[in-house]
Each structure stands twice: as C-alpha cells, then as structure tokens.
Amino acid sequence: MSTSETDTWRTSQLVELSLTVRALEPEDLTDLGWSGGPEHLTAIAEVLQGCWSGDTESVVIALPNGRLVAFGAVNFRRSPDYGELWMLSVHETLQSLGLGTVLIRALEARVRDRGLHRAQLGVEHDNPRAYRLYRALGYRDCGSRVEHWPAAGGNTYVTVCTVMEHRLTDTV
Ligand SMILES: CC(C)(COP(=O)(O)OP(=O)(O)OC[C@H]1O[C@@H](n2cnc3c(N)ncnc32)[C@H](O)[C@@H]1OP(=O)(O)O)[C@@H](O)C(=O)NCCC(=O)NCCS
C-alpha cells in the first residue's frame with residue numbers, strides 16, 4: 001500500500017432521509033431557483049395557477065428540513081386522453097439517486113387519479129441520460145415535435161423533442 005493511500009482517511013455513513021412528496025405551494029417558488037432562471041420560475045408560477053384551474057398538477061419532493069430537491073408537473077391541456085409529464089427537474093447535487101424515478105411515479109399517480117391511462121413526455125434530442133431513464137421506466141417513442149419556451153433576454157429557445165408514451169397500469 002502506498003503512503004498516499006495509508007494517509008488517506010475515508011469513511012462512509014448511511015443517513016436515512018424521509019422525503020415528503022406533495023403538491024407545489026406558492027411559498028415554494030423561492031426555493032426552486034436551482035431549477036432554472038427567472039423565465040423558468042415564471043413558468044413554474046404559471047403551473048401553480050394551472051393547478052388552481054385544474055389544468056395542471058404538480059409534485060415537489062422535500063427533504064426533512066423542508067428544502068425542495070425535485071419538481072415536476074402534469075399538463076392536462078394538451079389532450080383529454082393523456083397527461084403530459086412536464087418540467088421534470090432534480091437538484092443537480094442529488095441526481096442519479098432515484099429521486100427522478102420517485103418524481104415520475106408520483107406524477108403518473110396524478111394522471112391515474114384523473115381516470116387516464118396514458119402518460120406522455122417530450123425529451124430533447126440531445127438529452128440521452130433522461131431518455132435512458134424514461135425508457136427504463138416504460139416510456140416508448142411515439143413521435144417528435146418542435147418545442148419552444150422563453151429564454152433569457154427576451155429570446156425564445158427552440159428545440160426538437162422526442163415524444164414518449166407510457167401506458168399506465170394499476171400496478172406500475
Ligand atoms: C432527468 C432527471 C429529472 C432524472 O432525475 P434523477 O434523480 O437523476 O433520476 P434517477 O436517479 O431516478 O435515475 C437516473 C439514473 O440514476 C440511476 N439510479 C437511480 N437510482 C439509483 C441509485 N440508488 N444508485 C445509483 N444509481 C441510481 C438510474 O438507473 C439512472 O441511470 P442512468 O444515469 O444510467 O440513466 C434529472 O437528472 C435532471 O433534473 N436532469 C436535468 C434536467 C433534465 O434533463 N430534465 C429532463 C427534461 S426531459
């Protein structure tokens with residue numbers, strides 16, 4: 001064993017965290033700055049309004065200290081036949097730990113609660129990691145479309161998304 005290895009002191013600790021999965025509330029907006037710029041926060045505020053009118057549903061995941069680490073929504077405006085999972089985001093330092101999976105399953109439950117059995121989402125053509133996750137969770141390609149949303153400086157961000165669909169059963 002080299003000197004540098006014996007000098008290195010490492011330990012691992014297991015910390016059990018109880019996560020709260022719940023709907024977005026107005027006071028949450030100040031704790032979602034990590035998920036995007038001002039335009040993104042405006043879009044999240046619009047989701048909140050949509051929740052009040054019944055057009056959207058939202059899910060946040062909170063740590064035991066109340067801090068938010070994930071956000072996502074379901075858009076029911078696009079079609080009466082399915083819910084569109086939308087704006088999926090997990091805090092950068094906590095990705096690849098399973099939170100995205102918890103978030104997506106919670107959003108799918110909101111789709112089922114409306115009596116719908118199909119969930120769709122759009123993933124940008126250059127986001128292979130998210131695409132792999134959606135495939136692993138049962139989503140399959142069903143088309144593509146151009147999407148656009150407001151960006152910094154009054155610009156519009158335009159991108160091509162693969163549309164994916166998952167048929168929801170009562171158990172998955
Ligand atoms: C896409 C996103 C929402 C997924 O959330 P996530 O918390 O990273 O998702 P998960 O942890 O459930 O799964 C992601 C990966 O971690 C792996 N994973 C899940 N639980 C794990 C665990 N306990 N230990 C190790 N790896 C795990 C999954 O197998 C998956 O593997 P992959 O990287 O090979 O695909 C998140 O990465 C994100 O916010 N990305 C930036 C924004 C974005 O791209 N949003 C999607 C727009 S369509």
# chains A, B, ... in the order shown; residues from 1 in each chain; ligands from 1

$ closest_atom_pairs --of "chain A" --to "ligand 1" --cutoff "12 Å" --atoms "only C-alpha atoms and all ligand atoms" --output "CSV"
residue,atom,partner,partner_atom_place_in_ligand_line,distance
A:Trp34,CA,ligand 1,39 (O),10.2
A:Ser35,CA,ligand 1,39 (O),7.9
A:Gly36,CA,ligand 1,42 (C),9.3
A:Val60,CA,ligand 1,3 (C),11.9
A:Ile61,CA,ligand 1,7 (O),10.8
A:Val69,CA,ligand 1,7 (O),9.2
A:Ala70,CA,ligand 1,39 (O),7.5
A:Phe71,CA,ligand 1,3 (C),8.5
A:Gly72,CA,ligand 1,3 (C),8.4
A:Ala73,CA,ligand 1,47 (C),11.5
A:Glu84,CA,ligand 1,48 (S),11.2
A:Leu85,CA,ligand 1,48 (S),8.8
A:Trp86,CA,ligand 1,48 (S),7.4
A:Met87,CA,ligand 1,47 (C),6.3
A:Leu88,CA,ligand 1,3 (C),4.9
A:Ser89,CA,ligand 1,39 (O),3.5
A:Val90,CA,ligand 1,39 (O),3.8
A:His91,CA,ligand 1,39 (O),6.2
A:Glu92,CA,ligand 1,39 (O),6.6
A:Thr93,CA,ligand 1,8 (O),9.3
A:Leu94,CA,ligand 1,7 (O),6.5
A:Gln95,CA,ligand 1,8 (O),3.5
A:Ser96,CA,ligand 1,11 (O),3.1
A:Leu97,CA,ligand 1,11 (O),4.0
A:Gly98,CA,ligand 1,12 (O),3.3
A:Leu99,CA,ligand 1,7 (O),4.0
A:Gly100,CA,ligand 1,5 (O),3.3
A:Thr101,CA,ligand 1,12 (O),3.8
A:Val102,CA,ligand 1,12 (O),6.7
A:Leu103,CA,ligand 1,5 (O),8.0
A:Ile104,CA,ligand 1,3 (C),8.4
A:Arg105,CA,ligand 1,12 (O),9.9
A:Gln120,CA,ligand 1,48 (S),10.9
A:Leu121,CA,ligand 1,48 (S),7.3
A:Gly122,CA,ligand 1,48 (S),6.0
A:Val123,CA,ligand 1,48 (S),4.1
A:Glu124,CA,ligand 1,48 (S),6.2
A:His125,CA,ligand 1,48 (S),9.5
A:Asp126,CA,ligand 1,44 (O),9.5
A:Asn127,CA,ligand 1,44 (O),6.4
A:Pro128,CA,ligand 1,35 (O),8.1
A:Arg129,CA,ligand 1,35 (O),4.9
A:Ala130,CA,ligand 1,1 (C),4.4
A:Tyr131,CA,ligand 1,48 (S),7.5
A:Arg132,CA,ligand 1,35 (O),5.0
A:Leu133,CA,ligand 1,35 (O),4.6
A:Tyr134,CA,ligand 1,35 (O),8.4
A:Arg135,CA,ligand 1,35 (O),9.0
A:Ala136,CA,ligand 1,29 (O),7.7
A:Leu137,CA,ligand 1,12 (O),9.2
A:Glu147,CA,ligand 1,48 (S),11.6
A:Thr159,CA,ligand 1,48 (S),11.6
A:Val160,CA,ligand 1,48 (S),11.4
A:Cys161,CA,ligand 1,48 (S),8.6
A:Thr162,CA,ligand 1,48 (S),9.4
A:Val163,CA,ligand 1,48 (S),9.9
A:Met164,CA,ligand 1,48 (S),10.2

$ residues_around --residues "Glu27 (chain A)" --least-positions-apart "6" --cutoff "12 Å" --atoms "only C-alpha atoms" --output "list in words"
Ile44, Ala45, Leu48, Gly66, Arg67 and Leu68 of chain A

$ residues_around --residues "Leu116 (chain A)" --least-positions-apart "4" --cutoff "9 Å" --atoms "only C-alpha atoms" --output "PyMOL selection string"
chain A and resi 80-83+111-112+168

$ closest_residue --among "A:Arg22, A:Gly33, A:Ser58, A:His148" --to "Glu46 (chain A)" --atoms "only C-alpha atoms"
A:Ser58

$ select_by_dssp --residues "region 29-118 of chain A" --states "helix (DSSP H, G or I)" --output "VMD selection string"
chain A and resid 29 to 31 33 to 35 38 to 53 92 to 94 99 to 113

$ atom_distance --atom1 "CA of Leu24 (chain A)" --atom2 "CA of Leu41 (chain A)"
12.5 Å

$ select_by_dssp --residues "region 53-162 of chain A" --states "strand (DSSP E or B)" --output "count of residues only"
48

$ residues_around --residues "Thr56 (chain A)" --least-positions-apart "2" --cutoff "9 Å" --atoms "only C-alpha atoms" --output "list in words"
Val47, Leu48, Gln49, Gly50, Cys51, Trp52, Ser53, Gly54, Ser58, Ala73, Val74, Asn75, Phe76, Arg77 and Gly83 of chain A

$ write_last_selection --atoms "N, CA and C atoms" --output "short mmCIF file (atom, residue, chain, number, x, y, z; two decimals), in the first residue's frame"
data_model
loop_
_atom_site.label_atom_id
_atom_site.label_comp_id
_atom_site.auth_asym_id
_atom_site.auth_seq_id
_atom_site.Cartn_x
_atom_site.Cartn_y
_atom_site.Cartn_z
N VAL A 47 -47.65 27.18 -13.69
CA VAL A 47 -48.12 25.83 -13.33
C VAL A 47 -49.01 25.91 -12.10
N LEU A 48 -48.57 26.71 -11.14
CA LEU A 48 -49.34 26.88 -9.90
C LEU A 48 -50.75 27.40 -10.20
N GLN A 49 -50.83 28.37 -11.10
CA GLN A 49 -52.14 28.90 -11.49
C GLN A 49 -52.96 27.81 -12.17
N GLY A 50 -52.28 27.01 -13.01
CA GLY A 50 -52.96 25.90 -13.70
C GLY A 50 -53.50 24.88 -12.72
N CYS A 51 -52.80 24.69 -11.59
CA CYS A 51 -53.27 23.74 -10.57
C CYS A 51 -54.59 24.22 -9.99
N TRP A 52 -54.69 25.55 -9.82
CA TRP A 52 -55.93 26.09 -9.25
C TRP A 52 -57.09 25.92 -10.22
N SER A 53 -56.81 26.01 -11.52
CA SER A 53 -57.90 25.88 -12.51
C SER A 53 -58.11 24.43 -12.93
N GLY A 54 -57.24 23.53 -12.46
CA GLY A 54 -57.42 22.10 -12.79
C GLY A 54 -56.73 21.68 -14.08
N SER A 58 -49.04 19.30 -9.90
CA SER A 58 -47.61 19.49 -9.65
C SER A 58 -47.15 18.56 -8.53
N ALA A 73 -44.39 18.52 -13.16
CA ALA A 73 -45.80 18.83 -13.29
C ALA A 73 -46.43 17.92 -14.34
N VAL A 74 -47.76 17.87 -14.34
CA VAL A 74 -48.51 17.20 -15.40
C VAL A 74 -49.37 18.25 -16.07
N ASN A 75 -49.29 18.30 -17.39
CA ASN A 75 -50.10 19.21 -18.19
C ASN A 75 -51.27 18.42 -18.77
N PHE A 76 -52.49 18.80 -18.41
CA PHE A 76 -53.68 18.11 -18.95
C PHE A 76 -54.31 18.90 -20.10
N ARG A 77 -53.66 20.02 -20.47
CA ARG A 77 -54.24 20.86 -21.52
C ARG A 77 -54.01 20.31 -22.92
N GLY A 83 -52.03 12.49 -19.79
CA GLY A 83 -51.36 13.56 -19.07
C GLY A 83 -49.94 13.70 -19.60
#

$ closest_residue --among "A:Asp141, A:Glu16, A:Ala43, A:Ala109" --to "Leu29 (chain A)" --atoms "only C-alpha atoms"
A:Ala43

$ closest_residue --among "A:Val21, A:Arg140, A:Thr169, A:Glu39" --to "Thr156 (chain A)" --atoms "only C-alpha atoms"
A:Glu39

$ closest_residue --among "A:Leu19, A:Val158, A:Pro150, A:Arg114" --to "Gly37 (chain A)" --atoms "only C-alpha atoms"
A:Pro150

$ atom_distance --atom1 "CA of Leu17 (chain A)" --atom2 "CA of Pro64 (chain A)"
6.8 Å

$ atom_distance --atom1 "CA of Leu32 (chain A)" --atom2 "CA of Ala62 (chain A)"
11.0 Å
